[in-house]
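The structure under discussion appears below in the form of structure tokens.
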Amino acid sequence: MGFNDYEYKRPNLEEFIKESNKLMESIGTDKSFEEELKTILKYKELEDELSSMVTIASIRNSINTKDEFYEQEQEFFDENLPMLGEISNIYLNKLLSSKNRKLLEKEFGSLLFVQAEVMRKTFKPEIILDLQEENKLQTKYSKLTAGAEIDFEGNIYNLSQMSPFTQDKDRTRRKKASLAVSKFFKDNQDEIDEIYDQMIKVRTTIAHKLGYKNFVQLAYDRLGRTDYTEKEVTNYRKQIMEYVVPVVTELTNKKAKRLGIENPQSYDLALSFTSGNPTPKGNRAWQVDKAQKMYSKMSNETKEFFNFMLDNDLLELDSKPGKSGGGYCTYIPKYEAPFIFANFNGTSHDVDVLTHEAGHAFQVYQSRGLISEYRWPTMEAAEIHSMSMEFLAWPWIDMFFKEDTEKYKYDHLSGAVNFLPYGALVDHFQHEVYNNPNLSKEERRKVWRSLEKEYLPFKKYDEDDFLQNGGFWFRQSHIFTGPFYYIDYTLAQVCAFQYWTSSREDFKKAFESYLSLCKLGGSKSFVGLIEAVNLINPFKDNSINEILKPINKYLNSVDDTKL
């Protein structure tokens, strides 16, 4: 059965609430452990059925945001899902107060209860209307950016389709393409500013109603972070500032030299080589065929997984009008099926996003037998699987890039290092915004530009006044739809660097460690997971410096002028 055959039926939420309430009578009461466990598993089945319908509708809405039926279904869920928070809260409270808690902890592990303590702080019935508003604002931003129609050289393109032009070898064309993208955001500045303004207000209101000082800690709790706080993240960003920003500045200077550009501007940064950026040497179908061959050779587990994805049509990769931007992986419990969504555009991004999302999908495929709370780890741990898979693909990457292979490897690895300061910048910006929720729209843009000069001191915007005035963050969807999530990519990246290093020393051993990590799912916290597979904790002082040493050694050993 392919994804298009998966049945969608709008769930009867009244019936879900009724059945859930009935089950709640047997949780946290005087029932035996066996009966309570049986009831919990029944409730999880009920949740999975609902989650499957929500996910199918969301996927089909993102594939075609102009499909009126699934647009209405998305609106239905935006409106009604927050009301189910009360059921979830009742369940968490009953779980935590159960007289069988010790036996349940033995059955499920203690993390479920640690996270339940955190999650129950994030909901009260009083915030339902606010959660509905937050959902609507997120959907509004996504629909606005998905509907971008950019007039460039006589044709109309969406945001994803503009990427190849922003990497063009011709500097004039790159500049024109970048200005065209900026024009879209500038033309929609008032609306995007207003959407974010309302998001900050509603999220701050929710935080205050729940008893938080501001949205920051609430966001951390929503993300299930149990072993680090804003303090540790601040110190981690300082490490990036100290150890990574100088490296990225040097890499940028080297790039300018090999491009022959004396005064590089922001629109030059997307191009890496005068001969052009590395590109996959075939279309989407060709790349999927190469991926199937790669995963067949990588391991028996990856072979089984990728064939399952192909047999069930669980890859949605083409960029097309009306399709949401970006890429993601999600999971449909009813069919035990991961789903990969992406927007191929003919650049190396195609291979990056395919291997990246395949990492997510492979992980959840390995942990699909765990309870729903443990199928996925928290976000920063989940990104380890995706970013590490990008590096585990290196032994077979020549199948995709052929003569561009060495060029791709240098660009991929240096690009991963280059990303760290930007990821920290996005995080720092959000901390400033939510710690100071009364900033005006103009002040927010000034904060962004000020931080940008610290984390990305080499960025110059030439005549692009929109970006010069601090508008780049408008295009970073995570700021709108996944607040405080973005730092997770950087934490995962420095963990993935360790798999890059170990896989070059002993691929089989590195993959076995990676597979163990995938099978653990979210049964341990972020720090718990990396300790379980002996990775260095990025929050520890000087850890970033140590992790980067072999990376820098490799990059310095490459004569980039010959690529």
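Naming works like this for the structure tokens: A, B, ... for the chains as they're shown, residue 1 at the start of each chain, ligands 1 onward in shown order.
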
Give me every alpha helix (DSSP H) residue in region 241-276 of chain A, going by DSSP on the backbone, as a list in words.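 Of region 241-276 of chain A, only Val245, Pro246, Val247, Val248, Thr249, Glu250, Leu251, Thr252, Asn253, Lys254, Lys255, Ala256, Lys257, Arg258 and Leu259 of chain A fall in alpha helix (DSSP H).
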
Would you save the residues of that selection, restricted to N, CA and C atoms, as a CSV table (one decimal), in the first residue's frame?
chain,number,residue,atom,x,y,z
A,245,VAL,N,33.7,30.9,15.2
A,245,VAL,CA,33.6,32.1,14.4
A,245,VAL,C,35.0,32.4,13.7
A,246,PRO,N,36.1,32.4,14.4
A,246,PRO,CA,37.4,32.6,13.7
A,246,PRO,C,37.7,31.6,12.6
A,247,VAL,N,37.3,30.4,12.8
A,247,VAL,CA,37.5,29.3,11.7
A,247,VAL,C,36.6,29.7,10.5
A,248,VAL,N,35.4,30.0,10.8
A,248,VAL,CA,34.5,30.3,9.7
A,248,VAL,C,34.9,31.6,8.9
A,249,THR,N,35.4,32.5,9.6
A,249,THR,CA,35.9,33.8,9.0
A,249,THR,C,37.1,33.4,8.1
A,250,GLU,N,38.0,32.6,8.5
A,250,GLU,CA,39.1,32.1,7.7
A,250,GLU,C,38.6,31.3,6.5
A,251,LEU,N,37.6,30.4,6.7
A,251,LEU,CA,37.1,29.7,5.5
A,251,LEU,C,36.5,30.6,4.5
A,252,THR,N,35.8,31.7,5.0
A,252,THR,CA,35.2,32.6,4.1
A,252,THR,C,36.2,33.4,3.3
A,253,ASN,N,37.3,33.8,4.0
A,253,ASN,CA,38.4,34.5,3.3
A,253,ASN,C,39.0,33.6,2.2
A,254,LYS,N,39.2,32.3,2.6
A,254,LYS,CA,39.8,31.4,1.6
A,254,LYS,C,38.8,31.2,0.4
A,255,LYS,N,37.6,31.2,0.6
A,255,LYS,CA,36.6,31.1,-0.4
A,255,LYS,C,36.7,32.3,-1.3
A,256,ALA,N,36.7,33.5,-0.7
A,256,ALA,CA,36.8,34.7,-1.5
A,256,ALA,C,38.1,34.7,-2.4
A,257,LYS,N,39.2,34.2,-1.9
A,257,LYS,CA,40.4,34.1,-2.7
A,257,LYS,C,40.3,33.2,-3.9
A,258,ARG,N,39.7,32.0,-3.7
A,258,ARG,CA,39.6,31.1,-4.8
A,258,ARG,C,38.5,31.5,-5.8
A,259,LEU,N,37.6,32.3,-5.3
A,259,LEU,CA,36.6,32.9,-6.2
A,259,LEU,C,37.1,34.1,-7.0

Could you give me, as a PyMOL selection string, the residues within 12 Å of Ala146 (chain A), counting only C-alpha atoms and dropping anything in the same chain fewer than 3 positions from it? chain A and resi 61-66+139-143+149-150+157-161+184+319-326+343+475+477

Given the selection you just returned, output its residues as a file containing N, CA and C atoms, formatted as an mmCIF file, in the first residue's frame.
data_model
loop_
_atom_site.group_PDB
_atom_site.id
_atom_site.type_symbol
_atom_site.label_atom_id
_atom_site.label_comp_id
_atom_site.auth_asym_id
_atom_site.auth_seq_id
_atom_site.Cartn_x
_atom_site.Cartn_y
_atom_site.Cartn_z
ATOM 1 N N ASN A 61 -1.508 18.441 3.074
ATOM 2 C CA ASN A 61 -1.642 19.896 3.022
ATOM 3 C C ASN A 61 -0.317 20.549 2.620
ATOM 4 N N SER A 62 0.800 20.027 3.118
ATOM 5 C CA SER A 62 2.107 20.613 2.775
ATOM 6 C C SER A 62 2.527 20.274 1.344
ATOM 7 N N ILE A 63 2.063 19.134 0.820
ATOM 8 C CA ILE A 63 2.355 18.780 -0.565
ATOM 9 C C ILE A 63 1.657 19.741 -1.521
ATOM 10 N N ASN A 64 0.441 20.141 -1.163
ATOM 11 C CA ASN A 64 -0.311 21.085 -1.990
ATOM 12 C C ASN A 64 -1.131 22.004 -1.092
ATOM 13 N N THR A 65 -0.558 23.148 -0.781
ATOM 14 C CA THR A 65 -1.242 24.087 0.119
ATOM 15 C C THR A 65 -2.477 24.709 -0.530
ATOM 16 N N LYS A 66 -2.662 24.453 -1.835
ATOM 17 C CA LYS A 66 -3.832 24.996 -2.544
ATOM 18 C C LYS A 66 -4.990 24.003 -2.597
ATOM 19 N N THR A 139 0.450 28.458 10.698
ATOM 20 C CA THR A 139 -0.063 28.043 9.387
ATOM 21 C C THR A 139 -0.086 29.229 8.424
ATOM 22 N N LYS A 140 -0.401 30.402 8.932
ATOM 23 C CA LYS A 140 -0.458 31.605 8.095
ATOM 24 C C LYS A 140 0.920 31.929 7.519
ATOM 25 N N TYR A 141 1.963 31.830 8.354
ATOM 26 C CA TYR A 141 3.329 32.081 7.874
ATOM 27 C C TYR A 141 3.721 31.043 6.825
ATOM 28 N N SER A 142 3.463 29.772 7.114
ATOM 29 C CA SER A 142 3.836 28.703 6.188
ATOM 30 C C SER A 142 3.143 28.869 4.844
ATOM 31 N N LYS A 143 1.870 29.240 4.884
ATOM 32 C CA LYS A 143 1.108 29.401 3.637
ATOM 33 C C LYS A 143 1.631 30.599 2.840
ATOM 34 N N GLU A 149 5.639 33.653 -5.281
ATOM 35 C CA GLU A 149 5.740 33.610 -6.742
ATOM 36 C C GLU A 149 6.713 34.709 -7.158
ATOM 37 N N ILE A 150 7.952 34.312 -7.414
ATOM 38 C CA ILE A 150 9.036 35.262 -7.668
ATOM 39 C C ILE A 150 9.300 35.357 -9.166
ATOM 40 N N TYR A 157 8.991 31.533 -10.004
ATOM 41 C CA TYR A 157 9.577 30.474 -9.181
ATOM 42 C C TYR A 157 9.130 30.634 -7.729
ATOM 43 N N ASN A 158 9.120 29.489 -6.989
ATOM 44 C CA ASN A 158 8.919 29.593 -5.543
ATOM 45 C C ASN A 158 10.282 29.754 -4.878
ATOM 46 N N LEU A 159 10.301 29.844 -3.552
ATOM 47 C CA LEU A 159 11.555 30.126 -2.841
ATOM 48 C C LEU A 159 12.595 29.028 -3.055
ATOM 49 N N SER A 160 12.164 27.771 -2.990
ATOM 50 C CA SER A 160 13.101 26.662 -3.169
ATOM 51 C C SER A 160 13.690 26.663 -4.577
ATOM 52 N N GLN A 161 12.861 26.953 -5.549
ATOM 53 C CA GLN A 161 13.317 26.928 -6.948
ATOM 54 C C GLN A 161 14.290 28.061 -7.267
ATOM 55 N N PHE A 184 10.758 39.603 -2.372
ATOM 56 C CA PHE A 184 9.554 38.903 -1.907
ATOM 57 C C PHE A 184 9.328 39.175 -0.426
ATOM 58 N N SER A 319 10.083 19.620 -6.191
ATOM 59 C CA SER A 319 9.620 20.979 -5.898
ATOM 60 C C SER A 319 8.560 21.351 -6.925
ATOM 61 N N LYS A 320 7.435 21.916 -6.467
ATOM 62 C CA LYS A 320 6.361 22.268 -7.387
ATOM 63 C C LYS A 320 5.520 23.398 -6.804
ATOM 64 N N PRO A 321 4.778 24.086 -7.669
ATOM 65 C CA PRO A 321 3.960 25.216 -7.210
ATOM 66 C C PRO A 321 2.970 24.790 -6.125
ATOM 67 N N GLY A 322 2.840 25.645 -5.113
ATOM 68 C CA GLY A 322 1.886 25.393 -4.046
ATOM 69 C C GLY A 322 2.379 24.468 -2.961
ATOM 70 N N LYS A 323 3.562 23.900 -3.156
ATOM 71 C CA LYS A 323 4.113 22.989 -2.149
ATOM 72 C C LYS A 323 4.847 23.783 -1.084
ATOM 73 N N SER A 324 4.697 23.377 0.173
ATOM 74 C CA SER A 324 5.413 24.053 1.254
ATOM 75 C C SER A 324 6.913 23.936 1.031
ATOM 76 N N GLY A 325 7.652 24.916 1.532
ATOM 77 C CA GLY A 325 9.100 24.895 1.395
ATOM 78 C C GLY A 325 9.746 23.964 2.398
ATOM 79 N N GLY A 326 11.062 23.809 2.247
ATOM 80 C CA GLY A 326 11.838 23.062 3.234
ATOM 81 C C GLY A 326 11.738 21.560 3.088
ATOM 82 N N ASN A 343 12.215 19.333 -1.168
ATOM 83 C CA ASN A 343 12.050 20.113 -2.396
ATOM 84 C C ASN A 343 13.361 20.082 -3.172
ATOM 85 N N ARG A 475 13.186 34.625 6.560
ATOM 86 C CA ARG A 475 13.148 33.396 5.760
ATOM 87 C C ARG A 475 13.437 32.149 6.585
ATOM 88 N N SER A 477 12.190 29.646 8.773
ATOM 89 C CA SER A 477 10.857 29.202 9.208
ATOM 90 C C SER A 477 10.831 28.711 10.649
#

12 Å contact set for region 163-166 of chain A, only C-alpha atoms, chain neighbours under 3 positions out, as a ChimeraX atom specification: /A:150,152-153,157-160,169-182,266-272,276-279,319,325-326,343-350

When you draw a straight line from CA of Leu317 (chain A) to CA of Gln476 (chain A), how long is it in Å? 20.3 Å

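For Glu242 (chain A), the list of residues within 12 Å, based on only C-alpha atoms and with local chain neighbours fewer than 4 positions off taken out, reads Asn235, Tyr236, Arg237, Lys238, Pro246, Val247, Val248, Thr249, Leu420, Pro421, Glu454, Tyr455, Asp541, Asn542, Ser543, Ile544 and Asn545 of chain A.
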
Using the selection just defined, write its residues with C-alpha atoms as a short mmCIF file (atom, residue, chain, number, x, y, z; two decimals), in the first residue's frame.
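Below is the file selection09.cif, written as the result:
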data_model
loop_
_atom_site.label_atom_id
_atom_site.label_comp_id
_atom_site.auth_asym_id
_atom_site.auth_seq_id
_atom_site.Cartn_x
_atom_site.Cartn_y
_atom_site.Cartn_z
CA ASN A 235 27.90 28.98 27.57
CA TYR A 236 27.72 26.70 24.51
CA ARG A 237 27.13 29.71 22.24
CA LYS A 238 30.19 31.35 23.79
CA PRO A 246 37.41 32.62 13.69
CA VAL A 247 37.51 29.34 11.71
CA VAL A 248 34.46 30.31 9.66
CA THR A 249 35.90 33.76 9.01
CA LEU A 420 27.39 26.61 13.49
CA PRO A 421 27.64 30.40 14.04
CA GLU A 454 29.03 39.27 15.99
CA TYR A 455 28.40 35.75 14.69
CA ASP A 541 34.08 23.53 28.32
CA ASN A 542 36.56 23.24 25.44
CA SER A 543 34.58 20.34 23.90
CA ILE A 544 33.93 22.23 20.65
CA ASN A 545 37.62 22.99 20.27
#

Please provide as a PyMOL selection string all residues within 7 Å of region 516-527 of chain A, with the sequence filter that same-chain residues fewer than 3 positions apart are discarded (counting only C-alpha atoms). chain A and resi 111+226-227+363-364+366-367+374-378+380-381+385+512-513+530-531+533+537

Preceding selection exported with N, CA and C atoms as an mmCIF file, in the first residue's frame:
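After the write, again06.cif holds the following:
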data_model
loop_
_atom_site.group_PDB
_atom_site.id
_atom_site.type_symbol
_atom_site.label_atom_id
_atom_site.label_comp_id
_atom_site.auth_asym_id
_atom_site.auth_seq_id
_atom_site.Cartn_x
_atom_site.Cartn_y
_atom_site.Cartn_z
ATOM 1 N N LEU A 111 12.689 8.100 32.292
ATOM 2 C CA LEU A 111 12.616 9.349 31.523
ATOM 3 C C LEU A 111 11.181 9.743 31.216
ATOM 4 N N THR A 226 15.468 18.196 29.491
ATOM 5 C CA THR A 226 15.455 17.868 30.916
ATOM 6 C C THR A 226 16.835 17.924 31.566
ATOM 7 N N ASP A 227 17.888 18.065 30.768
ATOM 8 C CA ASP A 227 19.220 18.027 31.390
ATOM 9 C C ASP A 227 20.102 19.222 31.058
ATOM 10 N N GLN A 363 16.098 6.289 11.881
ATOM 11 C CA GLN A 363 16.027 6.223 13.344
ATOM 12 C C GLN A 363 14.643 5.808 13.819
ATOM 13 N N VAL A 364 13.599 6.469 13.324
ATOM 14 C CA VAL A 364 12.252 6.142 13.814
ATOM 15 C C VAL A 364 11.821 4.753 13.334
ATOM 16 N N GLN A 366 13.848 2.248 13.203
ATOM 17 C CA GLN A 366 14.503 1.343 14.149
ATOM 18 C C GLN A 366 13.815 1.331 15.513
ATOM 19 N N SER A 367 13.180 2.435 15.878
ATOM 20 C CA SER A 367 12.561 2.517 17.215
ATOM 21 C C SER A 367 11.037 2.529 17.151
ATOM 22 N N TYR A 374 8.807 7.444 23.183
ATOM 23 C CA TYR A 374 10.207 7.099 22.959
ATOM 24 C C TYR A 374 10.550 6.861 21.488
ATOM 25 N N ARG A 375 9.575 6.959 20.581
ATOM 26 C CA ARG A 375 9.884 6.705 19.166
ATOM 27 C C ARG A 375 10.878 7.734 18.636
ATOM 28 N N TRP A 376 10.674 8.975 19.043
ATOM 29 C CA TRP A 376 11.602 10.048 18.670
ATOM 30 C C TRP A 376 12.316 10.520 19.928
ATOM 31 N N PRO A 377 13.583 10.841 19.815
ATOM 32 C CA PRO A 377 14.231 11.533 20.935
ATOM 33 C C PRO A 377 13.860 13.019 20.887
ATOM 34 N N THR A 378 14.332 13.778 21.851
ATOM 35 C CA THR A 378 14.149 15.224 21.781
ATOM 36 C C THR A 378 14.908 15.746 20.557
ATOM 37 N N GLU A 380 17.249 17.900 19.636
ATOM 38 C CA GLU A 380 18.698 18.009 19.449
ATOM 39 C C GLU A 380 19.331 16.633 19.272
ATOM 40 N N ALA A 381 18.770 15.631 19.941
ATOM 41 C CA ALA A 381 19.274 14.268 19.763
ATOM 42 C C ALA A 381 18.824 13.699 18.422
ATOM 43 N N HIS A 385 21.044 11.887 14.357
ATOM 44 C CA HIS A 385 20.836 10.791 13.401
ATOM 45 C C HIS A 385 20.858 11.310 11.964
ATOM 46 N N GLU A 512 27.938 0.730 13.804
ATOM 47 C CA GLU A 512 27.332 -0.039 14.897
ATOM 48 C C GLU A 512 26.932 0.882 16.053
ATOM 49 N N SER A 513 27.780 1.856 16.338
ATOM 50 C CA SER A 513 27.462 2.842 17.374
ATOM 51 C C SER A 513 26.239 3.656 16.970
ATOM 52 N N ILE A 530 23.993 10.587 24.284
ATOM 53 C CA ILE A 530 25.368 10.731 23.803
ATOM 54 C C ILE A 530 26.353 10.032 24.737
ATOM 55 N N GLU A 531 26.016 9.976 26.023
ATOM 56 C CA GLU A 531 26.869 9.234 26.951
ATOM 57 C C GLU A 531 26.774 7.728 26.694
ATOM 58 N N VAL A 533 26.525 6.210 23.925
ATOM 59 C CA VAL A 533 27.350 5.792 22.772
ATOM 60 C C VAL A 533 28.717 6.486 22.782
ATOM 61 N N ASN A 537 30.219 15.401 25.179
ATOM 62 C CA ASN A 537 29.126 16.314 25.510
ATOM 63 C C ASN A 537 29.486 17.738 25.064
#

Check the smallest atom-to-atom distance from each of A:Tyr335, A:Tyr228, A:Tyr489, A:Tyr196 to Lys540 (chain A) using only C-alpha atoms, then report the winner. A:Tyr228

Name the residues in contact with region 80-92 of chain A at a cut-off of 6 Å, using only C-alpha atoms, excluding same-chain residues fewer than 6 positions from it; report them as a list in words.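 What passes the distance filter is Ala116, Arg120, Ile128 and Leu131 of chain A.
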
Preceding selection exported with N, CA and C atoms as an mmCIF file, in the first residue's frame:
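Done, and the output landed in part20.cif:
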data_model
loop_
_atom_site.group_PDB
_atom_site.id
_atom_site.type_symbol
_atom_site.label_atom_id
_atom_site.label_comp_id
_atom_site.auth_asym_id
_atom_site.auth_seq_id
_atom_site.Cartn_x
_atom_site.Cartn_y
_atom_site.Cartn_z
ATOM 1 N N ALA A 116 7.203 13.725 31.848
ATOM 2 C CA ALA A 116 5.809 13.992 32.206
ATOM 3 C C ALA A 116 5.719 15.135 33.218
ATOM 4 N N ARG A 120 3.578 18.444 31.989
ATOM 5 C CA ARG A 120 2.316 18.845 32.610
ATOM 6 C C ARG A 120 2.322 20.316 33.031
ATOM 7 N N ILE A 128 -6.214 27.227 25.952
ATOM 8 C CA ILE A 128 -6.683 26.579 24.719
ATOM 9 C C ILE A 128 -6.870 27.587 23.585
ATOM 10 N N LEU A 131 -3.531 28.699 22.295
ATOM 11 C CA LEU A 131 -2.880 27.677 21.477
ATOM 12 C C LEU A 131 -3.489 27.623 20.083
#
